[in-house]
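Engineer: So I've got this file, run05.cif, and it contains mmCIF, C-alpha atoms:
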data_data
loop_
_atom_site.label_atom_id
_atom_site.label_comp_id
_atom_site.auth_asym_id
_atom_site.auth_seq_id
_atom_site.Cartn_x
_atom_site.Cartn_y
_atom_site.Cartn_z
CA MET G 33 177.12 27.50 -320.79
CA ARG G 34 173.63 27.36 -319.24
CA ARG G 35 171.48 24.31 -319.61
CA LEU G 36 168.53 24.87 -321.92
CA ALA G 37 166.18 23.54 -319.20
CA THR G 38 167.43 26.21 -316.79
CA THR G 39 166.94 28.92 -319.40
CA ILE G 40 163.37 27.73 -320.04
CA GLU G 41 162.73 27.73 -316.29
CA ALA G 42 163.88 31.35 -316.12
CA ILE G 43 161.71 32.33 -319.09
CA LEU G 44 158.60 30.69 -317.61
CA TYR G 45 159.27 32.36 -314.27
CA LEU G 46 159.81 35.81 -315.78
CA LYS G 47 156.86 35.64 -318.18
CA GLY G 48 154.49 34.40 -315.48
CA LYS G 49 152.15 32.81 -318.01
CA ALA G 50 151.86 29.71 -320.16
CA MET G 51 154.06 29.68 -323.25
CA SER G 52 153.82 27.50 -326.33
CA LEU G 53 156.70 25.47 -327.74
CA SER G 54 156.97 28.00 -330.57
CA GLN G 55 157.23 30.92 -328.17
CA LEU G 56 159.88 29.15 -326.10
CA ALA G 57 161.80 28.24 -329.26
CA GLU G 58 161.73 31.88 -330.35
CA CYS G 59 162.95 33.12 -326.94
CA THR G 60 165.81 30.63 -326.80
CA ASN G 61 166.73 30.47 -330.50
CA CYS G 62 166.42 26.68 -330.35
CA ASP G 63 164.31 24.22 -332.30
CA ARG G 64 161.11 22.70 -330.96
CA THR G 65 162.64 19.25 -330.47
CA ASP G 66 165.33 20.66 -328.17
CA ILE G 67 162.65 22.64 -326.30
CA GLU G 68 160.52 19.51 -325.81
CA GLU G 69 163.52 17.57 -324.47
CA ALA G 70 164.49 20.40 -322.11
CA LEU G 71 160.90 20.69 -320.86
CA LEU G 72 160.78 16.97 -320.11
CA GLU G 73 164.09 17.28 -318.24
CA LEU G 74 162.75 20.27 -316.30
CA MET G 75 159.47 18.53 -315.48
CA ASP G 76 161.42 15.52 -314.27
CA ASP G 77 163.65 17.75 -312.10
CA TYR G 78 160.61 19.29 -310.41
CA ALA G 79 158.95 15.90 -309.93
CA ARG G 80 162.05 14.48 -308.20
CA ARG G 81 162.59 17.29 -305.70
CA ASP G 82 160.34 18.38 -302.88
CA SER G 83 159.37 21.70 -304.49
CA ALA G 84 156.36 23.96 -304.14
CA LEU G 85 156.56 24.61 -307.88
CA GLU G 86 155.89 22.47 -310.92
CA ILE G 87 155.94 22.72 -314.70
CA VAL G 88 152.58 21.83 -316.25
CA GLU G 89 151.29 21.61 -319.77
CA THR G 90 148.04 23.53 -320.29
CA GLU G 91 145.98 24.18 -323.39
CA ASN G 92 147.93 27.45 -323.79
CA GLY G 93 151.36 25.91 -323.42
CA TYR G 94 153.77 25.21 -320.58
CA SER G 95 153.64 27.04 -317.29
CA LEU G 96 155.61 27.28 -314.05
CA GLN G 97 153.09 27.29 -311.23
CA LEU G 98 152.51 26.60 -307.57
CA ARG G 99 151.53 23.02 -306.78
CA GLU G 100 147.87 22.45 -305.88
CA ALA G 101 148.88 21.37 -302.36
CA PHE G 102 149.87 25.01 -301.65
CA ARG G 103 146.59 26.57 -302.83
CA ASP G 104 145.33 27.30 -299.30
CA LEU G 105 148.61 28.99 -298.39
CA MET G 106 148.41 31.12 -301.52
CA LEU G 107 144.84 32.20 -300.74
CA ASP G 108 145.93 33.21 -297.24
CA LEU G 109 148.96 35.20 -298.39
CA VAL G 110 148.01 36.65 -301.77
CA PRO G 111 145.13 39.10 -301.96
CA PRO G 112 142.32 37.73 -304.09
CA GLU G 113 141.46 39.52 -307.28
CA MET G 114 137.79 40.27 -307.64
CA GLY G 115 135.93 41.62 -310.58
CA VAL G 116 134.18 44.96 -310.29
CA GLY G 117 130.78 43.26 -310.01
CA ALA G 118 131.90 41.10 -307.09
CA GLN G 119 133.46 44.15 -305.41
CA ARG G 120 130.20 46.06 -305.70
CA THR G 121 128.24 43.10 -304.37
CA LEU G 122 130.67 42.82 -301.45
CA ALA G 123 130.28 46.54 -300.73
CA ALA G 124 126.49 46.20 -300.77
CA ILE G 125 126.63 43.29 -298.32
CA ALA G 126 129.07 45.12 -296.05
CA LEU G 127 127.01 48.31 -295.92
CA LYS G 128 123.54 46.76 -295.66
CA GLN G 129 124.27 43.68 -293.56
CA PRO G 130 122.44 41.65 -292.63
CA ILE G 131 120.87 41.59 -296.08
CA LEU G 132 118.70 38.87 -297.54
CA GLN G 133 120.17 37.25 -300.63
CA SER G 134 116.82 37.76 -302.40
CA GLU G 135 117.01 41.52 -301.71
CA LEU G 136 120.60 41.62 -302.91
CA VAL G 137 119.62 39.87 -306.16
CA ASP G 138 116.72 42.31 -306.66
CA TRP G 139 119.14 45.18 -306.17
CA ARG G 140 122.26 43.87 -307.97
CA GLY G 141 120.76 41.45 -310.50
CA SER G 142 121.05 37.69 -310.96
CA GLY G 143 124.86 37.90 -311.26
CA ALA G 144 124.86 38.44 -307.49
CA TYR G 145 124.36 34.68 -307.01
CA GLN G 146 127.76 34.01 -308.58
CA HIS G 147 129.33 36.93 -306.72
CA VAL G 148 128.08 35.58 -303.38
CA LYS G 149 129.46 32.14 -304.20
CA GLU G 150 132.84 33.65 -305.11
CA LEU G 151 132.90 35.84 -302.00
CA MET G 152 132.06 32.86 -299.79
CA GLU G 153 134.89 30.84 -301.37
CA LEU G 154 137.25 33.71 -300.57
CA GLY G 155 135.99 33.67 -296.99
CA LEU G 156 134.80 37.28 -297.12
CA VAL G 157 131.05 36.59 -296.81
CA ARG G 158 129.01 34.07 -294.84
CA ARG G 159 125.38 33.15 -295.24
CA ARG G 160 122.83 31.44 -293.06
CA LYS G 161 119.20 30.57 -293.48
CA SER G 162 117.05 33.48 -292.38
CA PRO G 163 114.60 32.57 -289.60
CA GLU G 164 112.03 35.05 -290.94
CA ALA G 165 112.31 34.51 -294.70
CA ARG G 166 112.89 31.78 -297.27
CA SER G 167 116.15 33.37 -298.30
CA TYR G 168 119.67 33.43 -296.90
CA GLU G 169 120.95 36.22 -294.69
CA LEU G 170 124.36 37.55 -295.79
CA ARG G 171 127.07 39.16 -293.66
CA VAL G 172 130.77 39.90 -294.04
CA THR G 173 133.23 37.78 -292.05
CA PRO G 174 136.12 38.71 -289.76
CA LYS G 175 138.41 37.96 -292.72
CA PHE G 176 136.71 40.85 -294.59
CA HIS G 177 137.55 43.22 -291.73
CA GLN G 178 141.10 41.92 -291.52
CA TYR G 179 141.71 42.01 -295.28
CA PHE G 180 140.37 45.53 -295.74
CA GLN G 181 141.69 46.69 -292.36
CA ILE G 182 138.30 48.01 -291.33
CA GLU G 183 137.43 48.11 -287.65
CA ASN G 184 133.78 49.12 -287.95
CA LEU G 185 131.49 49.78 -290.85
CA PRO G 186 129.43 52.97 -290.91
CA LEU G 187 125.78 52.67 -289.99
CA LEU G 188 123.38 53.54 -292.77
CA GLN G 189 120.53 55.81 -291.84
#
Could you render the structure as structure tokens?
Structural biologist:
Amino acid sequence: MRRLATTIEAILYLKGKAMSLSQLAECTNCDRTDIEEALLELMDDYARRDSALEIVETENGYSLQLREAFRDLMLDLVPPEMGVGAQRTLAAIALKQPILQSELVDWRGSGAYQHVKELMELGLVRRRKSPEARSYELRVTPKFHQYFQIENLPLLQ
């Protein structure tokens, strides 16, 4: 017979999202007290071994996730998900580079500030103070070219 902790581990892995005690109890046909005990056992197991994974309690329930120490590795290996707005902002920067951030905001709206911040965190865009203006100059990075497998961008006429 499988340990309840192992079954919960499999459920959390397969679901790929946080699950409440009630949801776990329903999936395993066990009561909440048994689920709580099995979760504590599972959390203890992960804490004792040198694992890249951990079980954490969030506001939405319990989740199996990658430890924070592996965040950089994940960002290097897993493609980032961007919203449509950030994608459009990235496309505008790529096609019009170098573009002043003030021009980008005029063109894309004030949400572009957040998009630029997000794109910089992902390493896809860099900015530097413009020598001719009071704004930042934006360009895509080598990581952008590598990620999208683009050698050269077309010149706009």
Engineer: For this file, the PyMOL selection byres ((chain G and resi 150) around 12) selects which residues, as a list in words?
Structural biologist: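 This file, filtered by the PyMOL selection byres ((chain G and resi 150) around 12), leaves Pro112, Glu113, Met114, Gly115, Gly117, Ala118, Gln119, Thr121, Leu122, Gly143, Ala144, Tyr145, Gln146, His147, Val148, Lys149, Leu151, Met152, Glu153, Leu154, Gly155, Leu156, Val157 and Arg158 of chain G.
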Engineer: So the first atom is CA of Thr173 (chain G) and the second is CA of Leu98 (chain G); what is the distance between them in Å, to one decimal place?
Structural biologist: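 We find that CA of Thr173 (chain G) and CA of Leu98 (chain G) lie 27.2 Å from each other.
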Engineer: As an exercise, work out the distance from CA of Ser95 (chain G) to CA of Lys49 (chain G) in Å and give it to one decimal place.
Structural biologist: 6.0 Å
Engineer: Taking 5 positions as the minimum chain separation for residues in the same chain, which residues sit within 12 Å of Gly93 (chain G) when counting only C-alpha atoms? Answer as number ranges by chain.
Structural biologist: G: 44, 49-56, 68, 71, 87-88
Engineer: Could you work out how far CA of Pro174 (chain G) lies from CA of Met106 (chain G), giving the answer in Å with one decimal?
Structural biologist: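 Result for CA of Met106 (chain G) versus CA of Pro174 (chain G): 18.6 Å, one decimal.
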Engineer: Which residues are near Leu85 (chain G)? Cut-off 9 Å, all atoms listed in the file, ignore same chain within fewer than 6 positions. Put them as a PyMOL selection string.
Structural biologist: chain G and resi 78+96-99
Engineer: Applied to the shown file, which residues does the PyMOL selection byres ((chain G and resi 130) around 10) return, written as a PyMOL selection string?
Structural biologist: chain G and resi 125-129+131-133+159+162+168-172
Engineer: For this file, the PyMOL selection byres ((chain G and resi 41) around 10) selects which residues, as a list in words?
Structural biologist: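 When the PyMOL selection byres ((chain G and resi 41) around 10) is applied, the selected residues are Arg35, Leu36, Ala37, Thr38, Thr39, Ile40, Ala42, Ile43, Leu44, Tyr45, Leu46, Ala70, Leu71, Leu74, Met75, Ile87, Ser95 and Leu96 of chain G.
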Engineer: I need the residue nearest Lys161 (chain G) from this list: G:Asn92, G:Ser134, G:Asn61, G:Ser142. Use only C-alpha atoms for the distance.
Structural biologist: G:Ser134
